[in-house]
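These notes concern the structure reproduced below.
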Amino acid sequence: MDWFVNRWAKQALVFALLCSASIIALLFSTRVLADAPTINIPRIANANIKVDAKLSEPMWDKAVVVNMSNITFPEENQPASVKTTAYLFEDGETLYIGFKAQDPDPAKIRAFLRDRDSYDVFNDDMIGIKLDTYGDHKLAYQFWVNALGVQVDSIENAVTGRESSAWDAIWDSAGQITDEGYVVEMALPLRILNFNDQLDKQNWAVELVRFYPRENRQRISNMTIDPNNNCWVCQMGPLTGFAGAKQGKNLAIVPSLTVGASESRDIWATPVTDWERDTNADIGLDIKWGITPDISLNATFNPDFSQIEADAGQLSINNTFALFFQEKRAFFLDNIDYFATPYNLVYTRNINAPDYGAKLTGRIKEHSFGLFAANDVSTSIFVPGNFGSSLAFMDDESQNAVVRYRYDPTEALSMGWIATLRSNDDYHNYVNSFDVKYKITENDTFIGQAMYSQTEYPIDLYKDFIDEEENDQCEITDCAFNEQALRLDKDGEFSDSAVMLRYMHEERDWDFAASYTAFGEDFRADMAFGNTTDWNKFVIGGNRLFRGEKGEWWTRARFGGDWDITHNANGELLEKEAQLWFNVDGIRQSFIHFAITDRDNVGSRIKEYQLAVTGNAPLYHETRYDSFARINILPNLSISSSLDYGDEIDYANNRLGTATFIRPGLTWNPTKHITFRTNMTYKKLEADGEEVFTAKLLDTRLTYQFSVRSFLRLAIIYSDVDRNQANYINDVTEQNRSFSTQLLYSYKINPQTLFFVGYSDSAYADDEINDLTKNAKTVFMKFSYAWLK
């Protein structure tokens with residue numbers, strides 16, 4: 001009980017300090033409003049528009065005309081050197097936007113054919129619109145198109161401060177380069193937007209933006225931006241119109257067919273086994289229904305949740321925590337923003353292979369909510385710790401659900417609750433969490449989140465982390481195994497809490513932040529990317545921004561640093577760190593980063609069957625130097641490189657070593673159709689004057705984009721890890737090599753009507769297998785078609 005009281009007293013003290021800083025900032029703050037002209041959208045009935053980037057129909061002559069003449073970044077509210085004009089009107093069902101982006105030298109326009117939502121599009125000449133359809137400055141839909149018509153859509157969430165391209169809508173666009181610049185045309189059906197259709201007239205917020213990448217990448221807008229206000233969504237200008245607008249029917253029925261054949265063999269057997277073939281053919285169904293303009297239902301039956309795109313290669317050596325992989329599956333990505341919290345409690349890749357799933361999301365005035373549920377044919381969970389984490393697996397089917405509610409009484413205040421649930425016959429994890437975000441002033445923000453979990457593990461699950469020979473005959477306190485077995489060895493249901501507090505002050509030229517995060521020893525969040533528990537951390541830091549003069553090679557420089565300290569729940573030191581960094585943005589979209597880190601960090605536990613730190617884990621002092629640089633050498637060629645050097649703990653042998661890390665990268669577009677991208681990673685660790693290991697990774701992707709709808713992509717990933725057995729305490733595999741390839745053809749009419757066909761294989765080599773030997777190969781095809789009602 002004393003521990004509980006002391007722990008929460010400590011958290012209350014931090015809370016009071018952060019609140020005091022917020023009040024002081026409020027007393028001394030000033031409020032500056034940005035210029036935001038009103039745009040009145042005319043209605044033109046019976047518009048018969050062909051989206052072809054020509055703007056040749058007579059209806060365009062009646063559209064409202066908006067000039068985009070203000071540079072908002074990197075310069076601040078300076079007149080643009082190029083002319084950009086937008087044209088807008090609606091017909092009761094669709095919002096039409098046309099852009100004429102003039103250029104003094106159209107030959108310098110940067111635009112390449114790419115896949116929809118490709119991040120590389122943001123390096124191109126592109127243009128778009130941001131829409132806040134409730135006018136409350138909480139969230140903005142974003143629609144972007146490059147000069148060749150490649151689409152990107154995303155959602156910017158001002159409450160969480162995050163931006164996500166996971167949202168995919170069906171809308172039309174076209175782009176073409178002309179003798180005067182380029183022209184883009186968009187048609188946005190109102191059915192893809194959430195808005196209050198009970199109003200006689202809509203009062204939205206809008207910003208029109210052009211990105212103009214030359215020596216510098218300029219952001220050109222139709223409005224001015226107050227640089228002292230870090231919330232740009234909050235400054236979007238008013239847009240009125242759409243009298244009596246209704247969202248109309250918004251029903252998409254998407255059947256899919258997935259066919260695949262795979263072969264695998266055990267290459268470690270003696271002799272190597274014959275190839276075993278497995279084939280599958282599945283029919284699935286997705287339903288997306290806009291029940292009202294504010295409420296949407298997604299359901300999926302017998303889905304194919306196999307991943308089409310190969311994950312980016314990652315090195316997993318001398319890393320005690322599990323690796324993070326991005327979610328790429330459409331059902332989980334759709335409207336995922338509704339489930340966002342300051343500390344993210346939803347990592348949907350925990351759900352591996354569901355048979356069914358449903359998601360309900362909506363917003364009614366100041367209330368927003370989300371619910372999703374899905375089963376999983378098996379169960380995998382993170383087993384967190386403060387020294388490392390692992391994955392545990394159960395064969396039983398699990399049920400998974402998330403419920404989220406958020407209340408936004410004012411533009412400045414948001415409050416929310418979220419619950420996550422995972423369970424099977426012998427296991428459950430329930431988490432309840434409350435969060436708040438209060439924008440005290442335009443410069444000051446307070447964020448808080450309190451979490452509570454209840455968990456029960458299968459009684460023998462911990463044995464998966466004990467040496468097999470000892471499973472049946474040893475007591476847990478007598479066995480040598482890792483931290484995760486101790487975290488799993490629980491008798492019945494257990495519970496604990498966690499808290500996150502953060503205060504931020506952001507000015508035009510400087511910012512300051514302080515945060516405190518604490519996870520109790522028995523707190524578990526199994527729907528999250530739950531890598532840590534029994535862990536609390538306090539961080540304080542800030543930045544100072546400098547601006548270059550016009551014509552100089554650099555545009556912005558940022559100098560900053562932070563200090564943090566981490567303990568476990570018993571107050572034992574885990575880490576203490578101070579870091580200084582310096583960043584520079586320059587011409588040709590260049591970026592340079594340099595950082596120095598001075599850290600006290602604990603190594604591995606000596607007695608692995610004890611969770612104690614003091615006297616059981618050595619404390620090492622590390623000094624590290626990290627750097628990164630990126631530049632567009634040519635409009636179609638960019639290079640980057642990371643170079644890190646310094647002290648690093650050798651966790652396998654529990655000692656301090658010296659690590660060298662190098663990661664060069666290159667992206668090249670030799671033509672408008674071809675993209676070549678490669679990243680190479682090299683890491684070497686030395687200790688006691690000898691090599692411990694050398695690891696190399698190559699991730700190369702070659703894409704031929706036939707049009708904005710179709711591409712052919714080859715992905716090659718190769719890794720090679722060599723360990724020096726003479727410099728290890730225990731026996732290790734001295735050599736690990738892997739080689740995988742994927743060839744993928746994609747044709748997309750829209751995000752839901754698409755066709756994939758591809759081939760992939762993998763090969764391995766180690767101490768037993770000298771040469772790379774293929775162990776798996778797969779051919780797959782998927783087709784889906786969206787019927788829109």
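Residue names in the structure tokens use chain letters A, B, ... in the order shown, residue numbers from 1 in each chain, and ligand numbers from 1 in the order shown.
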List the neighbours of Asp650 of chain A out to 9 Å using only C-alpha atoms; skip same-chain residues closer than 3 positions along the sequence, and give me the result as an MDAnalysis selection string. chainID A and resid 318 603:604 653:658 685:687 692
If you keep C-alpha atoms, can you produce a file of those selected residues as a PDB file, in the first residue's frame?
ATOM      1  CA  ASN A 318      21.654  -6.826 -30.214  1.00  0.00           C
ATOM      2  CA  GLY A 603      23.024  -4.031 -19.158  1.00  0.00           C
ATOM      3  CA  SER A 604      21.580  -7.539 -18.887  1.00  0.00           C
ATOM      4  CA  ASN A 653      27.723 -10.932 -23.294  1.00  0.00           C
ATOM      5  CA  ASN A 654      26.740  -8.184 -20.818  1.00  0.00           C
ATOM      6  CA  ARG A 655      29.605  -5.767 -21.437  1.00  0.00           C
ATOM      7  CA  LEU A 656      30.270  -2.424 -23.089  1.00  0.00           C
ATOM      8  CA  GLY A 657      31.315  -2.411 -26.719  1.00  0.00           C
ATOM      9  CA  THR A 658      31.800   0.015 -29.583  1.00  0.00           C
ATOM     10  CA  LEU A 685      29.969  -4.295 -32.797  1.00  0.00           C
ATOM     11  CA  GLU A 686      33.381  -4.720 -31.166  1.00  0.00           C
ATOM     12  CA  ALA A 687      34.250  -5.506 -27.542  1.00  0.00           C
ATOM     13  CA  VAL A 692      31.491  -9.421 -31.802  1.00  0.00           C
TER      14      VAL A 692
END
Quick one: pick out all strand (DSSP E or B) residues within segment 15-168 of chain A from a backbone DSSP run and write them as a ChimeraX atom specification. /A:39-40,43,64-67,70-73,78-79,84-90,94-102,126-132,139-146,151-157,162-164
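Atom pair atom CA of Gln610 of chain A / atom CA of Asn482 of chain A: separated by 9.4 Å.
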Segment 553-566 of chain A surroundings by only C-alpha atoms, 6 Å radius, close-in-sequence under 5 positions cut, as a PyMOL selection string: chain A and resi 536-548+574-587
Quick one: residues within 8 Å of segment 182-185 of chain A, only C-alpha atoms counted, chain neighbours fewer than 2 positions away excluded, as an NGL selection string? :A and (51-55 or 96-103 or 106 or 127 or 145-147 or 149 or 173-180 or 187)
Considering only C-alpha atoms, return as a list in words whatever protein or nucleic-acid residues lie within 8 Å of Ala281 of chain A, sequence-local ones (same chain, fewer than 4 positions apart) excluded. Leu257, Thr258, Val259 and Gly260 of chain A
Close residues, Lys748 of chain A itself excluded, 10 Å, only C-alpha atoms, min 3 positions apart in chain, as a ChimeraX atom specification: /A:115-116,708-711,751-756,783-785
Next, the residues of the selection above should be written as a short mmCIF file (atom, residue, chain, number, x, y, z; two decimals), in the first residue's frame with all heavy atoms.
data_model
loop_
_atom_site.label_atom_id
_atom_site.label_comp_id
_atom_site.auth_asym_id
_atom_site.auth_seq_id
_atom_site.Cartn_x
_atom_site.Cartn_y
_atom_site.Cartn_z
N ASP A 115 2.48 4.90 -57.48
CA ASP A 115 1.29 4.26 -56.95
C ASP A 115 0.52 5.25 -56.09
O ASP A 115 1.10 6.18 -55.51
CB ASP A 115 1.69 3.04 -56.12
CG ASP A 115 0.50 2.18 -55.74
OD1 ASP A 115 -0.53 2.27 -56.42
OD2 ASP A 115 0.62 1.41 -54.76
N ARG A 116 -0.77 5.05 -56.01
CA ARG A 116 -1.63 5.88 -55.17
C ARG A 116 -1.13 5.88 -53.72
O ARG A 116 -0.74 4.86 -53.18
CB ARG A 116 -3.05 5.34 -55.23
CG ARG A 116 -4.09 6.21 -54.57
CD ARG A 116 -5.44 5.49 -54.57
NE ARG A 116 -6.52 6.41 -54.30
CZ ARG A 116 -6.93 6.75 -53.09
NH1 ARG A 116 -6.31 6.26 -52.03
NH2 ARG A 116 -7.94 7.58 -52.93
N VAL A 708 -1.12 5.77 -63.69
CA VAL A 708 -1.47 6.04 -62.30
C VAL A 708 -2.19 4.85 -61.68
O VAL A 708 -2.36 4.78 -60.46
CB VAL A 708 -2.35 7.30 -62.18
CG1 VAL A 708 -1.57 8.53 -62.61
CG2 VAL A 708 -3.63 7.15 -62.99
N ARG A 709 -2.60 3.88 -62.50
CA ARG A 709 -3.37 2.74 -61.99
C ARG A 709 -2.58 1.45 -61.86
O ARG A 709 -2.98 0.57 -61.09
CB ARG A 709 -4.59 2.49 -62.89
CG ARG A 709 -5.65 3.58 -62.82
CD ARG A 709 -6.85 3.23 -63.69
NE ARG A 709 -7.94 4.18 -63.50
CZ ARG A 709 -9.09 4.14 -64.15
NH1 ARG A 709 -9.29 3.18 -65.06
NH2 ARG A 709 -10.03 5.03 -63.91
N SER A 710 -1.51 1.28 -62.57
CA SER A 710 -0.87 -0.04 -62.58
C SER A 710 0.65 0.07 -62.49
O SER A 710 1.25 1.03 -62.99
CB SER A 710 -1.26 -0.83 -63.84
OG SER A 710 -0.73 -0.23 -65.00
N PHE A 711 1.25 -0.96 -61.86
CA PHE A 711 2.70 -1.01 -61.75
C PHE A 711 3.16 -2.45 -61.66
O PHE A 711 2.40 -3.37 -61.35
CB PHE A 711 3.20 -0.22 -60.53
CG PHE A 711 2.83 -0.81 -59.19
CD1 PHE A 711 3.54 -1.87 -58.64
CD2 PHE A 711 1.76 -0.29 -58.47
CE1 PHE A 711 3.20 -2.41 -57.41
CE2 PHE A 711 1.41 -0.83 -57.23
CZ PHE A 711 2.13 -1.89 -56.70
N PRO A 751 -9.22 2.40 -54.70
CA PRO A 751 -8.65 1.63 -53.59
C PRO A 751 -9.36 0.31 -53.31
O PRO A 751 -8.81 -0.56 -52.61
CB PRO A 751 -8.78 2.58 -52.39
CG PRO A 751 -8.84 3.94 -52.98
CD PRO A 751 -9.55 3.78 -54.27
N GLN A 752 -10.59 0.12 -53.82
CA GLN A 752 -11.35 -1.09 -53.54
C GLN A 752 -11.54 -1.99 -54.75
O GLN A 752 -11.83 -3.18 -54.61
CB GLN A 752 -12.71 -0.72 -52.94
CG GLN A 752 -12.59 0.03 -51.62
CD GLN A 752 -13.89 0.66 -51.19
OE1 GLN A 752 -14.98 0.21 -51.53
NE2 GLN A 752 -13.78 1.75 -50.44
N THR A 753 -11.42 -1.45 -55.94
CA THR A 753 -11.50 -2.24 -57.16
C THR A 753 -10.07 -2.42 -57.67
O THR A 753 -9.46 -1.47 -58.19
CB THR A 753 -12.37 -1.56 -58.22
OG1 THR A 753 -13.69 -1.42 -57.70
CG2 THR A 753 -12.42 -2.40 -59.49
N LEU A 754 -9.55 -3.62 -57.49
CA LEU A 754 -8.13 -3.81 -57.76
C LEU A 754 -7.83 -5.27 -58.12
O LEU A 754 -8.63 -6.18 -57.89
CB LEU A 754 -7.29 -3.37 -56.55
CG LEU A 754 -7.70 -3.91 -55.17
CD1 LEU A 754 -7.11 -5.27 -54.89
CD2 LEU A 754 -7.31 -2.92 -54.09
N PHE A 755 -6.64 -5.44 -58.67
CA PHE A 755 -6.16 -6.77 -59.06
C PHE A 755 -4.68 -6.86 -58.72
O PHE A 755 -3.89 -5.96 -59.05
CB PHE A 755 -6.38 -6.98 -60.57
CG PHE A 755 -5.74 -8.24 -61.10
CD1 PHE A 755 -6.29 -9.48 -60.84
CD2 PHE A 755 -4.57 -8.18 -61.84
CE1 PHE A 755 -5.70 -10.64 -61.33
CE2 PHE A 755 -3.97 -9.32 -62.33
CZ PHE A 755 -4.53 -10.56 -62.07
N PHE A 756 -4.30 -7.94 -58.03
CA PHE A 756 -2.92 -8.21 -57.71
C PHE A 756 -2.56 -9.61 -58.21
O PHE A 756 -3.35 -10.54 -58.08
CB PHE A 756 -2.66 -8.20 -56.19
CG PHE A 756 -2.71 -6.85 -55.54
CD1 PHE A 756 -3.75 -6.50 -54.70
CD2 PHE A 756 -1.69 -5.93 -55.75
CE1 PHE A 756 -3.79 -5.28 -54.07
CE2 PHE A 756 -1.72 -4.70 -55.13
CZ PHE A 756 -2.77 -4.37 -54.29
N PHE A 783 -8.40 -10.47 -56.52
CA PHE A 783 -9.23 -9.58 -57.31
C PHE A 783 -10.40 -9.13 -56.44
O PHE A 783 -11.03 -9.94 -55.75
CB PHE A 783 -9.77 -10.29 -58.55
CG PHE A 783 -10.81 -9.51 -59.30
CD1 PHE A 783 -10.45 -8.42 -60.08
CD2 PHE A 783 -12.15 -9.83 -59.20
CE1 PHE A 783 -11.41 -7.69 -60.77
CE2 PHE A 783 -13.13 -9.10 -59.86
CZ PHE A 783 -12.75 -8.02 -60.65
N SER A 784 -10.68 -7.85 -56.45
CA SER A 784 -11.86 -7.33 -55.75
C SER A 784 -12.51 -6.25 -56.60
O SER A 784 -11.84 -5.56 -57.38
CB SER A 784 -11.49 -6.77 -54.38
OG SER A 784 -10.64 -5.64 -54.50
N TYR A 785 -13.83 -6.13 -56.45
CA TYR A 785 -14.58 -5.14 -57.23
C TYR A 785 -15.58 -4.45 -56.32
O TYR A 785 -16.30 -5.11 -55.56
CB TYR A 785 -15.31 -5.81 -58.40
CG TYR A 785 -16.03 -4.81 -59.28
CD1 TYR A 785 -15.34 -4.12 -60.28
CD2 TYR A 785 -17.38 -4.53 -59.08
CE1 TYR A 785 -15.99 -3.19 -61.07
CE2 TYR A 785 -18.04 -3.61 -59.88
CZ TYR A 785 -17.33 -2.93 -60.87
OH TYR A 785 -17.97 -2.01 -61.64
#
Which residues, written as a ChimeraX atom specification, have at least one atom at most 7 Å from Lys288 of chain A, with only C-alpha atoms counted and residues fewer than 6 positions away on the same chain left out? /A:251-253,297-299
Which of segment 264-409 of chain A counts as helix (DSSP H, G or I) under DSSP, as a ChimeraX atom specification please? /A:330-333,336-339,348-350
Please produce a file of the residues just selected, as an mmCIF file, in the first residue's frame, where the atoms kept are all heavy atoms.
data_model
loop_
_atom_site.group_PDB
_atom_site.id
_atom_site.type_symbol
_atom_site.label_atom_id
_atom_site.label_comp_id
_atom_site.auth_asym_id
_atom_site.auth_seq_id
_atom_site.Cartn_x
_atom_site.Cartn_y
_atom_site.Cartn_z
ATOM 1 N N ALA A 330 -6.301 -3.144 -45.357
ATOM 2 C CA ALA A 330 -7.279 -2.077 -45.574
ATOM 3 C C ALA A 330 -8.349 -2.028 -44.494
ATOM 4 O O ALA A 330 -8.738 -0.947 -44.047
ATOM 5 C CB ALA A 330 -7.923 -2.252 -46.952
ATOM 6 N N PHE A 331 -8.878 -3.168 -44.051
ATOM 7 C CA PHE A 331 -9.963 -3.145 -43.077
ATOM 8 C C PHE A 331 -9.527 -2.453 -41.791
ATOM 9 O O PHE A 331 -10.262 -1.636 -41.218
ATOM 10 C CB PHE A 331 -10.428 -4.573 -42.769
ATOM 11 C CG PHE A 331 -11.393 -4.656 -41.603
ATOM 12 C CD1 PHE A 331 -12.721 -4.336 -41.776
ATOM 13 C CD2 PHE A 331 -10.951 -5.037 -40.345
ATOM 14 C CE1 PHE A 331 -13.614 -4.394 -40.699
ATOM 15 C CE2 PHE A 331 -11.826 -5.099 -39.276
ATOM 16 C CZ PHE A 331 -13.165 -4.776 -39.453
ATOM 17 N N PHE A 332 -8.338 -2.766 -41.310
ATOM 18 C CA PHE A 332 -7.876 -2.174 -40.064
ATOM 19 C C PHE A 332 -7.481 -0.712 -40.244
ATOM 20 O O PHE A 332 -7.594 0.093 -39.319
ATOM 21 C CB PHE A 332 -6.697 -2.970 -39.512
ATOM 22 C CG PHE A 332 -7.092 -4.312 -38.968
ATOM 23 C CD1 PHE A 332 -6.550 -5.464 -39.488
ATOM 24 C CD2 PHE A 332 -8.014 -4.424 -37.944
ATOM 25 C CE1 PHE A 332 -6.918 -6.708 -38.990
ATOM 26 C CE2 PHE A 332 -8.388 -5.648 -37.439
ATOM 27 C CZ PHE A 332 -7.836 -6.805 -37.964
ATOM 28 N N LEU A 333 -7.017 -0.348 -41.426
ATOM 29 C CA LEU A 333 -6.591 1.031 -41.645
ATOM 30 C C LEU A 333 -7.764 1.992 -41.790
ATOM 31 O O LEU A 333 -7.669 3.162 -41.428
ATOM 32 C CB LEU A 333 -5.716 1.104 -42.903
ATOM 33 C CG LEU A 333 -4.319 0.491 -42.795
ATOM 34 C CD1 LEU A 333 -3.640 0.493 -44.153
ATOM 35 C CD2 LEU A 333 -3.474 1.241 -41.781
ATOM 36 N N ILE A 336 -9.100 4.304 -38.894
ATOM 37 C CA ILE A 336 -8.324 3.998 -37.690
ATOM 38 C C ILE A 336 -8.119 5.235 -36.830
ATOM 39 O O ILE A 336 -7.882 5.138 -35.613
ATOM 40 C CB ILE A 336 -6.969 3.361 -38.085
ATOM 41 C CG1 ILE A 336 -6.261 2.770 -36.860
ATOM 42 C CG2 ILE A 336 -6.086 4.368 -38.794
ATOM 43 C CD1 ILE A 336 -6.995 1.637 -36.207
ATOM 44 N N ASP A 337 -8.237 6.410 -37.443
ATOM 45 C CA ASP A 337 -8.031 7.654 -36.697
ATOM 46 C C ASP A 337 -9.044 7.824 -35.566
ATOM 47 O O ASP A 337 -8.764 8.513 -34.575
ATOM 48 C CB ASP A 337 -8.114 8.836 -37.671
ATOM 49 C CG ASP A 337 -7.607 10.121 -37.065
ATOM 50 O OD1 ASP A 337 -6.387 10.224 -36.860
ATOM 51 O OD2 ASP A 337 -8.436 11.005 -36.773
ATOM 52 N N TYR A 338 -10.207 7.205 -35.681
ATOM 53 C CA TYR A 338 -11.215 7.307 -34.627
ATOM 54 C C TYR A 338 -10.740 6.663 -33.324
ATOM 55 O O TYR A 338 -11.298 6.945 -32.257
ATOM 56 C CB TYR A 338 -12.521 6.649 -35.067
ATOM 57 C CG TYR A 338 -13.389 7.530 -35.934
ATOM 58 C CD1 TYR A 338 -13.194 7.595 -37.306
ATOM 59 C CD2 TYR A 338 -14.416 8.287 -35.381
ATOM 60 C CE1 TYR A 338 -13.993 8.390 -38.115
ATOM 61 C CE2 TYR A 338 -15.222 9.098 -36.177
ATOM 62 C CZ TYR A 338 -14.997 9.138 -37.546
ATOM 63 O OH TYR A 338 -15.784 9.946 -38.336
ATOM 64 N N PHE A 339 -9.751 5.785 -33.399
ATOM 65 C CA PHE A 339 -9.297 5.043 -32.224
ATOM 66 C C PHE A 339 -7.981 5.596 -31.668
ATOM 67 O O PHE A 339 -7.374 4.990 -30.795
ATOM 68 C CB PHE A 339 -9.137 3.560 -32.578
ATOM 69 C CG PHE A 339 -10.401 2.938 -33.114
ATOM 70 C CD1 PHE A 339 -10.655 2.908 -34.479
ATOM 71 C CD2 PHE A 339 -11.336 2.414 -32.254
ATOM 72 C CE1 PHE A 339 -11.821 2.353 -34.967
ATOM 73 C CE2 PHE A 339 -12.519 1.857 -32.730
ATOM 74 C CZ PHE A 339 -12.762 1.823 -34.101
ATOM 75 N N THR A 348 -3.053 -2.991 -34.596
ATOM 76 C CA THR A 348 -3.914 -4.038 -35.136
ATOM 77 C C THR A 348 -3.149 -5.216 -35.738
ATOM 78 O O THR A 348 -3.748 -6.254 -36.016
ATOM 79 C CB THR A 348 -4.866 -3.449 -36.196
ATOM 80 O OG1 THR A 348 -4.111 -2.701 -37.163
ATOM 81 C CG2 THR A 348 -5.887 -2.533 -35.538
ATOM 82 N N ARG A 349 -1.841 -5.087 -35.897
ATOM 83 C CA ARG A 349 -1.104 -6.259 -36.382
ATOM 84 C C ARG A 349 -0.999 -7.347 -35.308
ATOM 85 O O ARG A 349 -0.532 -8.446 -35.579
ATOM 86 C CB ARG A 349 0.280 -5.846 -36.888
ATOM 87 C CG ARG A 349 0.193 -5.188 -38.257
ATOM 88 C CD ARG A 349 1.522 -5.049 -38.956
ATOM 89 N NE ARG A 349 2.083 -6.304 -39.390
ATOM 90 C CZ ARG A 349 2.919 -6.433 -40.417
ATOM 91 N NH1 ARG A 349 3.234 -5.368 -41.132
ATOM 92 N NH2 ARG A 349 3.429 -7.588 -40.736
ATOM 93 N N ASN A 350 -1.470 -7.054 -34.086
ATOM 94 C CA ASN A 350 -1.631 -8.109 -33.089
ATOM 95 C C ASN A 350 -2.684 -9.125 -33.511
ATOM 96 O O ASN A 350 -2.670 -10.269 -33.054
ATOM 97 C CB ASN A 350 -2.031 -7.505 -31.736
ATOM 98 C CG ASN A 350 -0.890 -6.771 -31.064
ATOM 99 O OD1 ASN A 350 0.247 -7.223 -31.091
ATOM 100 N ND2 ASN A 350 -1.182 -5.632 -30.457
#
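Proximity ranking of A:Arg713, A:Arg214, A:Lys684, A:Lys130 relative to Asp647 of chain A places A:Lys684 first, based on only C-alpha atoms.
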